[in-house]
Amino acid sequence: DEGISHRYAAKCAELEATFLQLASAHGSEHGAAGSDGPWTPLATVREPYPITVQGHASKPFCFRITFFAPTMPGTAFDLLADILRRPEWDELTESTQIIEKLGQSDAIHYVKAKAIWPTAARDSVLISHITALDLPDASGKTARAYLNVSQSTVDERVPEKDALGIVRMEAGIAGQLITHASNDDRVRHGLEGEQWCRVVQIADGDLKGWIPKSVIKFIATQALPRSLTKVCKQLSQLPPRPHSQLEISGNDNISNVSNASDGGIYSDIYSDIDIDSDSDIDINPAGTSCGGR
């Protein structure tokens, strides 16, 4: 496949398989705490968009987030997969940059995360892969799904910035799988209309350095849900498209290439985050022990 013919092609194929395994691991997003499987509920948002955050039972900083966005999969994927637009909606991200494009679908990215008091800022260098897949849906029929997935790598063009007080974190695997929301999902969550998509997001990594449990709890129960609520609001204002417009492997519905930038970096500086922020999120006390090193 011309779209994945580059030096990291085998790694990208491996990332696909690993992500799909984590995303479908036993334990649904509406399962009860203590049920079988690796995922423990940490936080739930019901309005305005359903969001569930789960922590992995054996991995301190591994989260699975399931949320429903008021649009079709193509629209959601094209925004969520655009690394240069991530600071627009992710309150944990300060800036992003494309270091190198790898063939049709993939790239090496640099991401700088904001400092969360009282910890240092973090950054990461990532191999990032995007693709369109045909997967079985809830009824057993084949349906189009979109995946963006990434993992840390070492690149001499982006050395660590210890002298600046920035800690290089390690992303074991991270990304999002986007599908059309099933009728059962829409009924279960009281979603009106058919233009909804289901997003399963995985964040599995090692933040390195000193991280108090309060910061882990803040990220899982407040920062992540707030960021996803913000991106859902953005998506609700965009034209709903069932198919992606990105030029990616496996996508037969290309109408144009939407990535207009070749690596410019966001230069806006965002203020650091204060943990003591108000939130309307339901937090599961049994889940708050997940995290912290």
# chains A, B, ... in the order shown; residues from 1 in each chain; ligands from 1
>>> residues_around(residues="Leu235 in chain A", least_positions_apart="6", cutoff="8 Å", atoms="only C-alpha atoms", output="PyMOL selection string")
chain A and resi 69-71+75-76+79
>>> write_last_selection(atoms="N, CA, C and O atoms", output="compact mmCIF listing (two decimals), in the first residue's frame")
# COMPACT_ATOMS: atom_id res chain seq x y z
N ALA A 69 -20.23 12.24 20.06
CA ALA A 69 -20.17 13.59 19.49
C ALA A 69 -21.34 13.79 18.53
O ALA A 69 -21.69 12.88 17.77
N PRO A 70 -21.92 15.00 18.51
CA PRO A 70 -23.11 15.26 17.70
C PRO A 70 -22.78 15.56 16.24
O PRO A 70 -23.08 16.63 15.71
N THR A 71 -22.19 14.58 15.58
CA THR A 71 -21.85 14.72 14.17
C THR A 71 -21.60 13.34 13.58
O THR A 71 -21.70 12.33 14.29
N THR A 75 -16.59 13.93 9.87
CA THR A 75 -16.34 15.26 10.44
C THR A 75 -15.53 15.16 11.71
O THR A 75 -14.56 15.91 11.92
N ALA A 76 -15.90 14.23 12.60
CA ALA A 76 -15.18 14.07 13.86
C ALA A 76 -13.74 13.67 13.64
O ALA A 76 -12.80 14.21 14.25
N LEU A 79 -11.30 16.50 12.34
CA LEU A 79 -10.86 17.45 13.36
C LEU A 79 -9.95 16.78 14.39
O LEU A 79 -8.87 17.29 14.70
>>> atom_distance(atom1="CA of Gln104 in chain A", atom2="CA of Ser5 in chain A")
8.5 Å
>>> closest_atom_pairs(of="range 118-200 of chain A", to="range 93-102 of chain A", cutoff="9 Å", atoms="only C-alpha atoms", output="CSV")
residue,atom,partner,partner_atom,distance
A:Val125,CA,A:Ile99,CA,8.8
A:Arg157,CA,A:Ile99,CA,8.2
A:Val158,CA,A:Ile99,CA,8.4
>>> write_last_selection(atoms="N, CA, C and O atoms", output="mmCIF file, in the first residue's frame")
data_model
loop_
_atom_site.group_PDB
_atom_site.id
_atom_site.type_symbol
_atom_site.label_atom_id
_atom_site.label_comp_id
_atom_site.auth_asym_id
_atom_site.auth_seq_id
_atom_site.Cartn_x
_atom_site.Cartn_y
_atom_site.Cartn_z
ATOM 1 N N VAL A 125 7.512 13.170 21.483
ATOM 2 C CA VAL A 125 7.709 13.026 20.045
ATOM 3 C C VAL A 125 7.031 11.719 19.642
ATOM 4 O O VAL A 125 7.288 10.670 20.249
ATOM 5 N N ARG A 157 16.225 15.160 15.793
ATOM 6 C CA ARG A 157 15.842 16.520 15.434
ATOM 7 C C ARG A 157 15.095 17.227 16.555
ATOM 8 O O ARG A 157 14.948 18.457 16.537
ATOM 9 N N VAL A 158 14.595 16.433 17.515
ATOM 10 C CA VAL A 158 13.837 17.011 18.630
ATOM 11 C C VAL A 158 14.429 16.480 19.941
ATOM 12 O O VAL A 158 13.878 15.569 20.562
#
>>> select_by_dssp(residues="range 62-181 of chain A", states="strand (DSSP E or B)", output="NGL selection string")
:A and (62-69 or 93-102 or 106-113 or 116 or 122-136 or 142-152 or 167-168 or 170-180)
>>> select_by_dssp(residues="range 85-164 of chain A", states="alpha helix (DSSP H)", output="list in words")
Arg86, Pro87, Glu88 and Trp89 of chain A
>>> residues_around(residues="Ala138 in chain A", least_positions_apart="4", cutoff="10 Å", atoms="only C-alpha atoms", output="list in words")
Thr142, Ala143, Ala181, Ser182, Asn183, Asp184 and Asp185 of chain A
>>> closest_residue(among="A:Gly190, A:Gly165, A:Gly175, A:Gly74", to="Pro48 in chain A", atoms="only C-alpha atoms")
A:Gly190
>>> closest_atom_pairs(of="range 177-216 of chain A", to="range 35-47 of chain A", cutoff="12 Å", atoms="only C-alpha atoms", output="Markdown table")
| residue | atom | partner | partner_atom | distance |
| --- | --- | --- | --- | --- |
| A:Arg188 | CA | A:Arg46 | CA | 11.3 |
| A:His189 | CA | A:Arg46 | CA | 8.0 |
| A:Gly190 | CA | A:Arg46 | CA | 9.7 |
| A:Leu191 | CA | A:Glu47 | CA | 10.5 |
| A:Ile202 | CA | A:Trp39 | CA | 11.5 |
| A:Ile216 | CA | A:Leu42 | CA | 11.1 |
>>> closest_residue(among="A:Arg7, A:His109, A:Arg198, A:Lys233", to="Ser124 in chain A", atoms="only C-alpha atoms")
A:His109
>>> closest_residue(among="A:His243, A:Cys197, A:Thr229, A:Met169", to="Phe61 in chain A", atoms="only C-alpha atoms")
A:Met169
>>> atom_distance(atom1="CA of Leu92 in chain A", atom2="CA of Ala121 in chain A")
10.0 Å
>>> residues_around(residues="Asp106 in chain A", least_positions_apart="5", cutoff="10 Å", atoms="only C-alpha atoms", output="list in words")
Gly3, Ile4, Ser5, His6, Tyr8, Ala9, Cys12, Glu100, Lys101, Ile127, Ser128, His129, Ile130, Thr131, Asn148, Val149, Ser150, Ile248 and Ser249 of chain A
